[in-house]
file protein.txt (compact mmCIF, C-alpha atoms and all ligand atoms)
# COMPACT_ATOMS: atom_id res chain seq x y z
CA MET A 43 7.85 -18.07 -0.89
CA ILE A 44 4.32 -17.27 -1.94
CA GLU A 45 3.58 -17.82 -5.60
CA ALA A 46 0.41 -16.93 -7.49
CA VAL A 47 -0.09 -18.08 -11.06
CA GLY A 48 -3.02 -16.86 -13.14
CA LEU A 49 -5.06 -16.33 -9.99
CA THR A 50 -8.67 -15.40 -10.75
CA LYS A 51 -11.67 -15.05 -8.45
CA ARG A 52 -15.23 -14.34 -9.46
CA TYR A 53 -18.17 -13.81 -7.15
CA GLY A 54 -21.16 -14.37 -9.40
CA ASP A 55 -20.68 -11.93 -12.24
CA LYS A 56 -18.25 -9.78 -10.21
CA THR A 57 -14.58 -10.38 -10.99
CA ALA A 58 -12.57 -9.52 -7.89
CA VAL A 59 -9.17 -10.83 -9.03
CA TYR A 60 -8.13 -11.50 -12.59
CA ASN A 61 -5.18 -13.49 -13.89
CA LEU A 62 -2.82 -12.37 -11.14
CA SER A 63 0.71 -13.80 -11.15
CA PHE A 64 3.43 -12.78 -8.71
CA GLN A 65 5.98 -14.09 -6.24
CA VAL A 66 6.58 -12.92 -2.68
CA ARG A 67 10.10 -13.78 -1.58
CA PRO A 68 11.58 -14.38 1.86
CA GLY A 69 13.86 -11.88 3.54
CA SER A 70 12.03 -8.76 2.47
CA VAL A 71 8.82 -6.89 3.07
CA THR A 72 6.58 -7.00 0.02
CA GLY A 73 3.92 -4.32 -0.10
CA PHE A 74 0.62 -5.22 -1.73
CA LEU A 75 -0.92 -1.98 -2.92
CA GLY A 76 -4.17 -1.13 -4.56
CA PRO A 77 -7.14 1.20 -4.17
CA ASN A 78 -10.22 0.15 -2.22
CA GLY A 79 -11.93 -2.81 -3.79
CA SER A 80 -8.96 -3.74 -5.99
CA GLY A 81 -8.84 -7.32 -4.72
CA LYS A 82 -6.15 -7.29 -2.03
CA SER A 83 -8.19 -9.00 0.66
CA THR A 84 -9.61 -11.50 -1.80
CA THR A 85 -6.09 -12.40 -2.90
CA MET A 86 -4.98 -12.81 0.70
CA ARG A 87 -7.96 -15.00 1.48
CA MET A 88 -7.08 -17.22 -1.48
CA ILE A 89 -3.47 -17.46 -0.30
CA LEU A 90 -4.81 -18.65 3.07
CA GLY A 91 -7.22 -21.15 1.58
CA LEU A 92 -10.25 -19.22 2.86
CA ASP A 93 -11.52 -18.68 -0.67
CA GLN A 94 -11.10 -21.01 -3.60
CA PRO A 95 -9.73 -19.48 -6.80
CA THR A 96 -12.09 -19.64 -9.76
CA SER A 97 -9.00 -20.45 -11.79
CA GLY A 98 -5.24 -20.32 -11.38
CA ARG A 99 -3.42 -21.28 -8.20
CA VAL A 100 -1.52 -19.89 -5.28
CA THR A 101 0.99 -21.77 -3.16
CA ILE A 102 3.13 -21.23 -0.09
CA GLY A 103 6.43 -23.06 -0.21
CA GLY A 104 5.05 -25.04 -3.13
CA PHE A 105 1.84 -26.16 -1.37
CA PRO A 106 -1.67 -24.77 -1.47
CA TYR A 107 -2.37 -23.56 2.09
CA ARG A 108 -4.79 -26.38 2.85
CA LYS A 109 -2.17 -28.99 1.95
CA LEU A 110 0.60 -27.28 3.90
CA PRO A 111 1.87 -29.52 6.72
CA ASN A 112 1.35 -27.83 10.10
CA ALA A 113 0.09 -24.65 8.46
CA PRO A 114 -0.44 -22.55 11.64
CA ARG A 115 3.23 -22.98 12.51
CA GLN A 116 4.31 -21.98 9.03
CA VAL A 117 1.95 -19.16 8.15
CA GLY A 118 0.56 -16.37 10.31
CA ALA A 119 -1.98 -13.82 9.15
CA LEU A 120 -3.82 -10.72 10.22
CA LEU A 121 -6.85 -10.45 7.98
CA ASP A 122 -9.62 -8.85 9.96
CA ALA A 123 -8.67 -7.50 13.37
CA LYS A 124 -12.34 -7.39 14.34
CA ALA A 125 -12.77 -11.14 13.90
CA VAL A 126 -12.23 -11.78 17.60
CA HIS A 127 -14.63 -13.22 20.14
CA GLY A 128 -15.17 -9.95 22.01
CA GLY A 129 -16.30 -11.62 25.23
CA ARG A 130 -12.96 -13.34 25.73
CA HIS A 131 -9.95 -11.88 27.46
CA ALA A 132 -7.14 -11.09 25.05
CA ARG A 133 -4.98 -13.78 26.64
CA ASN A 134 -7.75 -16.37 26.51
CA HIS A 135 -8.36 -15.60 22.88
CA LEU A 136 -4.71 -16.27 22.10
CA LEU A 137 -4.66 -19.34 24.37
CA CYS A 138 -7.56 -20.86 22.42
CA LEU A 139 -5.75 -20.26 19.14
CA ALA A 140 -2.53 -21.70 20.58
CA GLN A 141 -4.25 -24.84 21.85
CA LEU A 142 -5.91 -25.44 18.49
CA SER A 143 -2.50 -25.40 16.85
CA GLY A 144 -0.49 -27.21 19.53
CA ILE A 145 1.45 -24.09 20.43
CA PRO A 146 2.71 -23.95 24.05
CA ALA A 147 0.95 -21.48 26.37
CA ARG A 148 4.16 -19.63 27.20
CA ARG A 149 4.26 -18.40 23.62
CA VAL A 150 1.00 -16.52 24.31
CA ASP A 151 2.68 -14.38 26.95
CA GLU A 152 5.65 -13.84 24.67
CA VAL A 153 3.54 -12.47 21.83
CA LEU A 154 1.44 -10.34 24.20
CA GLY A 155 4.71 -8.71 25.22
CA VAL A 156 5.79 -8.35 21.61
CA VAL A 157 2.68 -6.35 20.73
CA GLY A 158 2.64 -4.37 23.98
CA LEU A 159 -0.66 -5.76 25.30
CA GLN A 160 0.70 -7.53 28.40
CA ASP A 161 -0.94 -5.02 30.76
CA VAL A 162 -4.39 -5.52 29.25
CA ALA A 163 -4.05 -9.28 28.68
CA ARG A 164 -6.92 -10.02 31.04
CA LYS A 165 -9.31 -7.43 29.64
CA ARG A 166 -12.10 -8.40 27.31
CA SER A 167 -11.23 -7.56 23.73
CA LYS A 168 -14.65 -6.04 23.08
CA GLY A 169 -13.42 -3.05 25.09
CA PHE A 170 -10.37 -2.68 22.89
CA SER A 171 -9.79 0.30 20.63
CA LEU A 172 -9.26 -0.33 16.93
CA GLY A 173 -5.52 -0.01 17.44
CA MET A 174 -5.50 -2.50 20.32
CA GLY A 175 -7.53 -4.89 18.19
CA GLN A 176 -4.89 -4.58 15.46
CA ARG A 177 -2.19 -5.41 18.00
CA LEU A 178 -4.13 -8.44 19.20
CA GLY A 179 -4.52 -9.58 15.60
CA ILE A 180 -0.80 -9.18 15.04
CA ALA A 181 -0.12 -11.19 18.21
CA ALA A 182 -2.30 -13.99 16.83
CA ALA A 183 -0.36 -13.91 13.55
CA LEU A 184 2.94 -14.25 15.39
CA LEU A 185 1.78 -17.09 17.69
CA GLY A 186 3.19 -19.97 15.69
CA ASP A 187 6.49 -18.14 15.08
CA PRO A 188 5.81 -18.61 11.35
CA GLN A 189 8.18 -18.08 8.45
CA VAL A 190 5.46 -16.59 6.27
CA LEU A 191 3.37 -13.65 7.46
CA LEU A 192 0.45 -11.90 5.80
CA PHE A 193 -0.92 -8.64 7.13
CA ASP A 194 -4.00 -7.02 5.61
CA GLU A 195 -3.90 -3.27 6.32
CA PRO A 196 -2.05 -3.70 9.64
CA VAL A 197 -1.76 0.01 10.40
CA ASN A 198 -5.50 0.61 10.18
CA GLY A 199 -6.55 2.53 13.25
CA LEU A 200 -3.07 2.85 14.72
CA ASP A 201 -1.70 6.14 15.98
CA PRO A 202 1.64 7.43 14.64
CA GLU A 203 3.62 5.60 17.30
CA GLY A 204 1.75 2.39 16.51
CA ILE A 205 2.37 2.85 12.79
CA LEU A 206 6.08 3.27 13.43
CA TRP A 207 6.07 0.16 15.60
CA VAL A 208 4.34 -1.93 12.90
CA ARG A 209 6.77 -0.60 10.32
CA ASN A 210 9.76 -1.65 12.40
CA LEU A 211 8.16 -4.99 13.26
CA MET A 212 7.66 -5.83 9.57
CA LYS A 213 11.25 -4.93 8.79
CA ALA A 214 12.58 -6.93 11.72
CA LEU A 215 10.56 -9.99 10.72
CA ALA A 216 11.88 -9.76 7.16
CA ALA A 217 15.43 -9.22 8.40
CA GLU A 218 15.12 -12.62 10.11
CA GLY A 219 14.55 -14.15 6.69
CA ARG A 220 10.77 -14.41 6.88
CA THR A 221 8.39 -13.78 4.02
CA VAL A 222 6.35 -10.68 4.89
CA PHE A 223 3.41 -9.70 2.68
CA VAL A 224 1.61 -6.51 3.73
CA SER A 225 -1.39 -4.95 2.05
CA SER A 226 -2.14 -1.26 2.14
CA HIS A 227 -3.78 1.40 0.06
CA LEU A 228 -1.23 3.99 1.20
CA MET A 229 1.76 4.41 -1.07
CA SER A 230 3.49 6.72 1.39
CA GLU A 231 3.38 4.07 4.11
CA MET A 232 4.57 1.29 1.83
CA ALA A 233 7.45 3.40 0.52
CA LEU A 234 8.73 3.55 4.09
CA THR A 235 8.08 -0.09 4.97
CA ALA A 236 8.44 -2.30 1.94
CA ASP A 237 11.41 -3.43 -0.15
CA HIS A 238 9.27 -4.63 -3.01
CA LEU A 239 5.89 -3.52 -4.33
CA ILE A 240 3.10 -5.38 -6.04
CA VAL A 241 0.45 -2.93 -7.24
CA ILE A 242 -2.97 -4.07 -8.39
CA GLY A 243 -6.02 -2.27 -9.71
CA ARG A 244 -9.38 -3.90 -10.35
CA GLY A 245 -7.83 -7.24 -9.52
CA GLN A 246 -5.12 -6.97 -12.16
CA LEU A 247 -1.38 -6.55 -11.83
CA LEU A 248 -0.24 -3.00 -12.55
CA SER A 249 3.33 -3.12 -11.27
CA ASP A 250 5.73 -5.62 -9.68
CA MET A 251 9.11 -4.10 -8.85
CA SER A 252 11.43 -3.07 -6.04
CA VAL A 253 10.63 0.13 -4.18
CA ARG A 254 13.96 1.49 -5.40
CA ASP A 255 12.98 0.88 -9.04
CA PHE A 256 9.50 2.24 -8.44
CA ILE A 257 10.98 5.44 -7.09
CA SER A 258 13.50 5.87 -9.89
CA THR A 259 10.88 5.08 -12.52
CA ASN A 260 8.18 7.28 -11.11
CA SER A 261 9.69 10.22 -9.31
CA ALA A 262 11.30 12.09 -12.16
CA ASP A 263 12.67 15.59 -11.69
CA PHE A 264 10.86 18.40 -13.42
CA ALA A 265 10.80 22.17 -13.47
CA ARG A 266 7.84 24.47 -13.08
CA VAL A 267 7.99 27.50 -15.30
CA ARG A 268 5.61 30.40 -15.25
CA THR A 269 5.35 33.24 -17.70
CA PRO A 270 3.28 36.41 -17.14
CA ASP A 271 -0.40 35.46 -16.86
CA THR A 272 -1.34 38.54 -18.87
CA GLU A 273 0.68 37.47 -21.93
CA PRO A 274 -0.38 33.99 -23.10
CA GLN A 275 1.65 34.33 -26.26
CA GLN A 276 4.81 34.32 -24.13
CA ARG A 277 3.80 30.94 -22.75
CA GLU A 278 3.28 29.56 -26.25
CA LYS A 279 6.58 30.97 -27.44
CA LEU A 280 8.42 29.38 -24.53
CA THR A 281 6.64 26.04 -25.01
CA ALA A 282 7.76 25.99 -28.65
CA SER A 283 11.32 26.90 -27.75
CA LEU A 284 11.59 24.31 -24.95
CA THR A 285 10.06 21.57 -27.09
CA GLU A 286 12.42 22.37 -29.95
CA ALA A 287 15.35 22.02 -27.53
CA GLY A 288 14.20 18.51 -26.60
CA GLY A 289 12.20 19.29 -23.46
CA GLN A 290 8.87 17.70 -22.66
CA VAL A 291 6.34 20.31 -21.72
CA LEU A 292 3.00 19.76 -20.01
CA PRO A 293 0.54 22.43 -19.01
CA GLU A 294 -0.14 22.63 -15.27
CA GLN A 295 -3.68 23.39 -14.19
CA ASP A 296 -2.76 26.76 -12.72
CA GLY A 297 -1.28 28.04 -15.98
CA ALA A 298 2.35 27.13 -15.28
CA LEU A 299 4.33 24.68 -17.41
CA ARG A 300 5.84 21.42 -16.22
CA VAL A 301 9.13 20.86 -18.06
CA MET A 302 11.04 17.58 -18.11
CA GLY A 303 14.32 16.74 -19.77
CA LEU A 304 15.99 20.14 -19.52
CA PRO A 305 18.09 21.50 -16.65
CA LEU A 306 17.01 24.76 -15.01
CA HIS A 307 19.87 26.84 -16.41
CA ARG A 308 19.06 25.66 -19.96
CA ILE A 309 15.39 26.60 -19.51
CA SER A 310 16.49 30.01 -18.29
CA ASP A 311 18.84 30.49 -21.29
CA LEU A 312 16.18 29.37 -23.74
CA ALA A 313 13.65 31.78 -22.24
CA HIS A 314 16.19 34.58 -22.45
CA SER A 315 16.96 33.80 -26.12
CA ALA A 316 13.24 33.69 -26.93
CA ASP A 317 12.78 37.04 -25.17
CA VAL A 318 10.30 35.52 -22.72
CA ARG A 319 10.04 36.87 -19.18
CA LEU A 320 9.71 34.30 -16.37
CA TRP A 321 7.68 34.75 -13.22
CA GLU A 322 8.73 31.38 -11.85
CA LEU A 323 11.41 28.77 -12.50
CA SER A 324 11.62 26.16 -9.76
CA PRO A 325 12.89 22.56 -9.38
CA HIS A 326 10.46 19.80 -8.33
CA GLN A 327 10.20 16.06 -8.00
CA ALA A 328 7.01 14.13 -8.67
CA SER A 329 5.89 12.41 -5.50
CA LEU A 330 5.55 8.68 -5.23
CA GLU A 331 1.97 9.08 -4.09
CA GLU A 332 1.28 11.02 -7.27
CA ALA A 333 2.84 8.27 -9.38
CA TYR A 334 0.75 5.66 -7.58
CA MET A 335 -2.43 7.66 -8.08
CA ARG A 336 -1.61 8.07 -11.75
CA MET A 337 -0.98 4.34 -12.04
CA THR A 338 -4.21 3.32 -10.34
CA GLN A 339 -6.53 6.12 -11.36
CA GLY A 340 -8.03 4.12 -14.19
CA ALA A 341 -8.65 1.29 -11.75
CA VAL A 342 -10.49 3.04 -8.96
CA ASP A 343 -13.96 1.72 -8.30
CA TYR A 344 -15.23 4.55 -6.15
CA ARG A 345 -14.50 8.09 -7.18
CA SER A 346 -15.90 11.32 -5.86
CA THR A 347 -17.63 13.48 -8.42
CA VAL A 348 -15.78 16.38 -6.79
CA ASP A 349 -12.45 14.70 -7.67
CA GLN A 350 -13.56 14.40 -11.26
CA ARG A 351 -14.53 18.02 -11.47
CA ALA A 352 -11.31 19.07 -9.80
CA GLY A 353 -9.26 17.30 -12.46
CA LEU A 354 -7.77 14.72 -10.12
CA GLN A 355 -7.22 12.49 -13.09
CA GLN A 356 -3.72 13.52 -13.99
CA PRO A 357 -1.95 13.46 -17.34
CA LEU A 358 0.76 10.93 -17.89
CA PRO A 359 4.29 12.26 -17.92
CA PRO A 360 5.85 12.16 -21.39
CA GLY A 361 7.13 8.74 -22.26
CA ALA A 362 5.10 6.97 -19.58
CA GLN A 363 2.62 4.37 -20.71
CA PRO A 364 -0.79 3.94 -19.18
CA PRO A 365 -1.18 0.59 -17.45
CA VAL A 366 -2.45 -2.05 -19.80
CA GLN A 367 -5.78 -3.25 -18.56
CA MET A 368 -7.44 -6.10 -20.26
CA PRO A 369 -11.20 -6.15 -20.32
CA VAL A 370 -12.36 -8.31 -17.45
CA PRO A 371 -15.72 -10.02 -17.48
CA GLY A 372 -17.81 -8.51 -14.74
CA GLN A 373 -15.81 -5.31 -14.44
CA GLY A 374 -17.17 -3.20 -17.25
CA GLN A 375 -14.85 -1.28 -19.49
CA PRO A 376 -11.33 -0.74 -18.15
CA GLY A 377 -10.38 2.86 -18.50
CA TRP A 378 -7.49 5.22 -18.53
CA TYR A 379 -8.63 8.71 -17.84
CA ALA A 380 -7.40 11.08 -20.48
CA PRO A 381 -5.85 14.30 -19.25
CA PRO A 382 -8.37 17.10 -19.04
CA PRO A 383 -7.80 19.84 -21.60
CA PRO A 384 -5.73 22.64 -20.08
CA GLN A 385 -8.61 25.12 -20.12
CA GLN A 386 -10.96 22.86 -18.20
CA GLY A 387 -9.73 23.86 -14.79
CA GLY A 388 -8.84 21.42 -12.08
CA GLN A 389 -5.84 21.12 -9.85
CA PRO A 390 -2.93 18.84 -9.37
CA PRO A 391 -3.53 16.36 -6.55
CA PHE A 392 -0.92 17.88 -4.30
CA ALA A 393 -0.57 21.54 -3.68
CA ALA A 394 3.06 21.26 -2.67
CA PRO A 395 5.70 19.50 -4.72
CA GLY A 396 6.07 15.93 -3.56
CA GLN A 397 8.77 14.33 -1.55
CA PRO A 398 9.44 10.85 -2.78
CA GLY A 399 10.19 9.46 0.65
CA PRO A 400 13.26 7.27 0.40
CA PRO A 401 12.62 3.70 1.43
CA ALA A 402 15.15 3.84 4.24
CA GLY A 403 12.97 6.54 5.71
CA PRO A 404 13.58 8.82 8.62
CA TYR A 405 13.34 5.97 11.05
CA GLY A 406 16.51 4.13 10.20
CA ALA A 407 17.15 0.46 10.40
CA PRO A 408 14.78 -2.20 11.65
CA GLY A 409 14.38 -2.25 15.39
CA GLY A 410 14.82 -5.96 15.93
CA PRO A 411 18.17 -7.74 16.06
CA GLY A 412 18.20 -9.68 12.82
CA GLY A 413 18.86 -13.34 13.28
CA ALA A 414 17.75 -13.51 16.89
CA PRO A 415 16.75 -17.07 17.57
CA ALA A 416 13.05 -17.73 17.45
CA GLY A 417 11.55 -18.14 20.86
CA ASP A 418 14.51 -16.40 22.48
CA HIS A 419 13.47 -14.78 25.71
CA ALA A 420 14.79 -11.45 24.59
CA ASN A 421 11.85 -9.88 22.89
CA PRO A 422 13.03 -8.83 19.45
CA TYR A 423 10.00 -6.75 18.57
CA ALA A 424 9.04 -5.18 21.85
CA GLN A 425 8.35 -1.51 21.76
CA PRO A 426 9.86 0.72 24.39
CA ALA A 427 6.74 2.81 24.86
CA ALA A 428 4.05 1.99 27.40
CA PRO A 429 1.16 -0.07 26.08
CA GLN A 430 -2.13 1.56 25.41
CA GLN A 431 -4.48 1.47 28.33
CA ALA A 432 -7.93 0.00 28.06
CA PRO A 433 -10.00 2.84 26.72
CA ALA A 434 -13.15 4.21 28.23
CA ALA A 435 -14.24 5.01 24.70
CA PRO A 436 -16.71 2.73 22.94
CA ALA A 437 -15.08 -0.09 21.06
CA ALA A 438 -17.12 -0.24 17.90
CA PRO A 439 -14.69 0.58 15.11
CA ALA A 440 -15.85 2.08 11.87
CA LEU A 441 -16.56 -0.36 9.08
CA THR A 442 -13.71 -0.19 6.63
CA LYS A 443 -14.66 -2.64 3.93
CA PRO A 444 -17.71 -2.98 1.77
CA GLU A 445 -18.02 -6.61 2.78
CA ASP A 446 -18.24 -5.62 6.44
CA ALA A 447 -21.56 -4.11 5.68
CA ARG A 448 -22.88 -7.24 4.11
N1 LIG A 501 -17.70 -12.38 -0.78
C1 LIG A 501 -17.84 -11.49 -1.76
N2 LIG A 501 -18.92 -11.48 -2.56
C2 LIG A 501 -19.06 -10.60 -3.58
N3 LIG A 501 -18.14 -9.65 -3.89
C3 LIG A 501 -17.04 -9.61 -3.14
C4 LIG A 501 -16.82 -10.51 -2.05
N4 LIG A 501 -15.60 -10.22 -1.49
C5 LIG A 501 -15.11 -9.19 -2.20
N5 LIG A 501 -15.97 -8.82 -3.18
C6 LIG A 501 -15.77 -7.74 -4.15
O1 LIG A 501 -14.54 -7.97 -4.81
C7 LIG A 501 -13.84 -6.75 -4.99
C8 LIG A 501 -12.49 -6.82 -4.31
O2 LIG A 501 -12.69 -6.76 -2.90
P1 LIG A 501 -11.51 -6.84 -1.86
O3 LIG A 501 -12.11 -6.74 -0.49
O4 LIG A 501 -10.68 -8.03 -2.15
O5 LIG A 501 -10.68 -5.51 -2.20
P2 LIG A 501 -9.59 -4.79 -1.35
O6 LIG A 501 -8.53 -4.35 -2.30
O7 LIG A 501 -9.17 -5.64 -0.19
O8 LIG A 501 -10.39 -3.51 -0.84
P3 LIG A 501 -10.20 -2.64 0.51
O9 LIG A 501 -8.90 -1.90 0.37
O10 LIG A 501 -11.39 -1.73 0.45
O11 LIG A 501 -10.23 -3.58 1.64
C9 LIG A 501 -14.73 -5.65 -4.44
O12 LIG A 501 -15.46 -5.10 -5.49
C10 LIG A 501 -15.63 -6.39 -3.48
O13 LIG A 501 -16.86 -5.73 -3.32

call {"tool": "encode", "arguments": {"input": "protein.txt", "output": "structure tokens"}}
result
Amino acid sequence: MIEAVGLTKRYGDKTAVYNLSFQVRPGSVTGFLGPNGSGKSTTMRMILGLDQPTSGRVTIGGFPYRKLPNAPRQVGALLDAKAVHGGRHARNHLLCLAQLSGIPARRVDEVLGVVGLQDVARKRSKGFSLGMGQRLGIAAALLGDPQVLLFDEPVNGLDPEGILWVRNLMKALAAEGRTVFVSSHLMSEMALTADHLIVIGRGQLLSDMSVRDFISTNSADFARVRTPDTEPQQREKLTASLTEAGGQVLPEQDGALRVMGLPLHRISDLAHSADVRLWELSPHQASLEEAYMRMTQGAVDYRSTVDQRAGLQQPLPPGAQPPVQMPVPGQGQPGWYAPPPPQQGGQPPFAAPGQPGPPAGPYGAPGGPGGAPAGDHANPYAQPAAPQQAPAAPAAPALTKPEDAR
């Protein structure tokens, strides 16, 4: 188990992580979600002893990483897939890592097979695509057959087939009882991969709950109701009638109403009784991505001015509380963006009604046979598809993090 207690990290006057406490348990995939710059990588580096907390502590199995006996056999991590000596062959790179940690050479060939790089094992990694680099990084993480695995944005640069493979790999590793901690800024991906979610914004905890609870808390049903555009008084009349009947009514940016707490047939009856004509009455479900954006929108460091003009800061649904954000030294004023007044224009973030994406997902159960003995010759994670070939394309991947540019 990974446990953080009051974890805080400051770089000069910049607070990257503030008073973060959470637990990551074995046997499940825990998604670590947050917008760019929210402190995910910093937290992972502190877990791995690569950065010292300014205050608080984080332990793995009760030990800080640096005091963990035989750490490379217990903990594997993919932090930065580009941190590879590009002049080395993929196999040599893994061999060096294995030798440093006293891991037998045959394990190198095993993990190359696991990640589907066996056919390019003797190619220099500087010719690798971003996706191949990710696979090599994942191979390195798996080398010591560790019980605890950390992956920082593992699907970065992967094609859809690669994303599906990573998703199944994570689930298979967790099904074997391992602790799997995966960071991402994509809610949709985590909803399909993770069992549990830890959401942070500006280095602070925003949510810590199972995916199931996150979905039931955040993807409430609602109805969209539209009255004739030419008769605004009809809209007001209906709003009053629905509110009086116990419904929660929010204006949508396109002039429709979002109604919660009343079934469709009741809305229809109420409109009829109030002598209001309807142009639209349709059932919807708020998407998980929308809930995540709402949760983190006050904690986004980098925001397009176009987003602001377009009203991408969404109102809270009735009853929902904005995340409590304590002022953090070095982070300026924490903010919750108030809903724009209905007349100010703007659009909801998603044109179509959302699909919450059940955690089981369209891809079914984990691919690996749970409980397969470690080091078994049968490859529990191997993908059926052919490995990617060495690309002719240039290798230089796009910089993805602000710190890469430093
Ligand atoms: N070594 C450093 N020195 C100064 N500031 C840093 C350093 N490392 C991170 N930061 C800052 O701390 C904050 C958190 O960064 P971090 O990389 O942990 O976020 P992240 O959630 O992993 O972001 P991303 O999703 O973009 O990778 C950012 O504002 C970042 O610029």

call {"tool": "residues_near_point", "arguments": {"input": "protein.txt", "point": "(-7.8, -9.4, -5.5)", "cutoff": "9 Å", "atoms": "all atoms listed in the file", "output": "MDAnalysis selection string"}}
result
chainID A and resid 49:51 57:60 62 79:88 242:246

call {"tool": "closest_residue", "arguments": {"input": "protein.txt", "among": "A:Val253, A:Ala262, A:Ala316, A:Val47", "to": "Gly303 in chain A", "atoms": "only C-alpha atoms"}}
result
A:Ala262

call {"tool": "closest_residue", "arguments": {"input": "protein.txt", "among": "A:Ala214, A:Val197, A:Leu136, A:Ile180", "to": "Glu231 in chain A", "atoms": "only C-alpha atoms"}}
result
A:Val197

call {"tool": "atom_distance", "arguments": {"input": "protein.txt", "atom1": "CA of Gln94 in chain A", "atom2": "CA of Ala236 in chain A"}}
result
27.6 Å

call {"tool": "atom_distance", "arguments": {"input": "protein.txt", "atom1": "CA of Gln116 in chain A", "atom2": "CA of Asp187 in chain A"}}
result
7.5 Å

call {"tool": "atom_distance", "arguments": {"input": "protein.txt", "atom1": "CA of Ser310 in chain A", "atom2": "CA of Glu332 in chain A"}}
result
26.7 Å

call {"tool": "closest_residue", "arguments": {"input": "protein.txt", "among": "A:Ala328, A:Met302, A:Val224, A:Leu178", "to": "ligand LIG 501 (chain A)", "atoms": "only C-alpha atoms and all ligand atoms"}}
result
A:Val224

call {"tool": "closest_residue", "arguments": {"input": "protein.txt", "among": "A:Pro196, A:Pro68, A:Gly104, A:Pro325", "to": "ligand LIG 501 (chain A)", "atoms": "only C-alpha atoms and all ligand atoms"}}
result
A:Pro196

call {"tool": "closest_residue", "arguments": {"input": "protein.txt", "among": "A:His227, A:Arg220, A:Lys109, A:Arg177", "to": "ligand LIG 501 (chain A)", "atoms": "all atoms listed in the file"}}
result
A:His227

call {"tool": "closest_residue", "arguments": {"input": "protein.txt", "among": "A:Val291, A:Thr338, A:Lys165, A:His307", "to": "ligand LIG 501 (chain A)", "atoms": "all atoms listed in the file"}}
result
A:Thr338

call {"tool": "residues_near_point", "arguments": {"input": "protein.txt", "point": "(-5.2, -4.3, 20.7)", "cutoff": "9 Å", "atoms": "all atoms listed in the file", "output": "PyMOL selection string"}}
result
chain A and resi 123+132+157-159+162+167+170-181+430+432

call {"tool": "residues_around", "arguments": {"input": "protein.txt", "residues": "Leu312 in chain A", "least_positions_apart": "5", "cutoff": "9 Å", "atoms": "only C-alpha atoms", "output": "JSON, numbers by chain"}}
result
{"A": [280, 283, 284, 287, 307, 317, 318]}

call {"tool": "residues_around", "arguments": {"input": "protein.txt", "residues": "Thr272 in chain A", "least_positions_apart": "3", "cutoff": "12 Å", "atoms": "all atoms listed in the file", "output": "JSON, numbers by chain"}}
result
{"A": [268, 269, 275, 276, 277, 297, 319, 321]}

call {"tool": "decode", "arguments": {"input": "protein.txt", "residues": "range 245-256 of chain A", "atoms": "N, CA and C atoms", "output": "mmCIF file, in the first residue's frame"}}
result
data_model
loop_
_atom_site.group_PDB
_atom_site.id
_atom_site.type_symbol
_atom_site.label_atom_id
_atom_site.label_comp_id
_atom_site.auth_asym_id
_atom_site.auth_seq_id
_atom_site.Cartn_x
_atom_site.Cartn_y
_atom_site.Cartn_z
ATOM 1 N N GLY A 245 -2.559 20.770 -6.659
ATOM 2 C CA GLY A 245 -1.846 20.076 -5.605
ATOM 3 C C GLY A 245 -2.686 19.660 -4.419
ATOM 4 N N GLN A 246 -3.993 19.948 -4.469
ATOM 5 C CA GLN A 246 -4.844 19.597 -3.321
ATOM 6 C C GLN A 246 -5.852 18.518 -3.697
ATOM 7 N N LEU A 247 -6.226 17.739 -2.679
ATOM 8 C CA LEU A 247 -7.181 16.663 -2.905
ATOM 9 C C LEU A 247 -8.575 17.231 -3.181
ATOM 10 N N LEU A 248 -9.170 16.801 -4.288
ATOM 11 C CA LEU A 248 -10.544 17.215 -4.593
ATOM 12 C C LEU A 248 -11.528 16.077 -4.385
ATOM 13 N N SER A 249 -11.080 14.845 -4.611
ATOM 14 C CA SER A 249 -11.994 13.709 -4.475
ATOM 15 C C SER A 249 -11.181 12.430 -4.296
ATOM 16 N N ASP A 250 -11.687 11.535 -3.458
ATOM 17 C CA ASP A 250 -11.027 10.244 -3.216
ATOM 18 C C ASP A 250 -12.149 9.227 -3.024
ATOM 19 N N MET A 251 -12.521 8.537 -4.087
ATOM 20 C CA MET A 251 -13.649 7.602 -3.985
ATOM 21 C C MET A 251 -13.580 6.580 -5.109
ATOM 22 N N SER A 252 -14.401 5.527 -4.976
ATOM 23 C CA SER A 252 -14.415 4.509 -6.018
ATOM 24 C C SER A 252 -15.011 5.098 -7.296
ATOM 25 N N VAL A 253 -14.654 4.506 -8.422
ATOM 26 C CA VAL A 253 -15.206 4.965 -9.697
ATOM 27 C C VAL A 253 -16.723 4.833 -9.667
ATOM 28 N N ARG A 254 -17.185 3.730 -9.073
ATOM 29 C CA ARG A 254 -18.637 3.505 -8.979
ATOM 30 C C ARG A 254 -19.315 4.671 -8.242
ATOM 31 N N ASP A 255 -18.736 5.067 -7.095
ATOM 32 C CA ASP A 255 -19.328 6.177 -6.334
ATOM 33 C C ASP A 255 -19.219 7.489 -7.106
ATOM 34 N N PHE A 256 -18.075 7.649 -7.790
ATOM 35 C CA PHE A 256 -17.887 8.884 -8.556
ATOM 36 C C PHE A 256 -18.973 8.998 -9.622
#
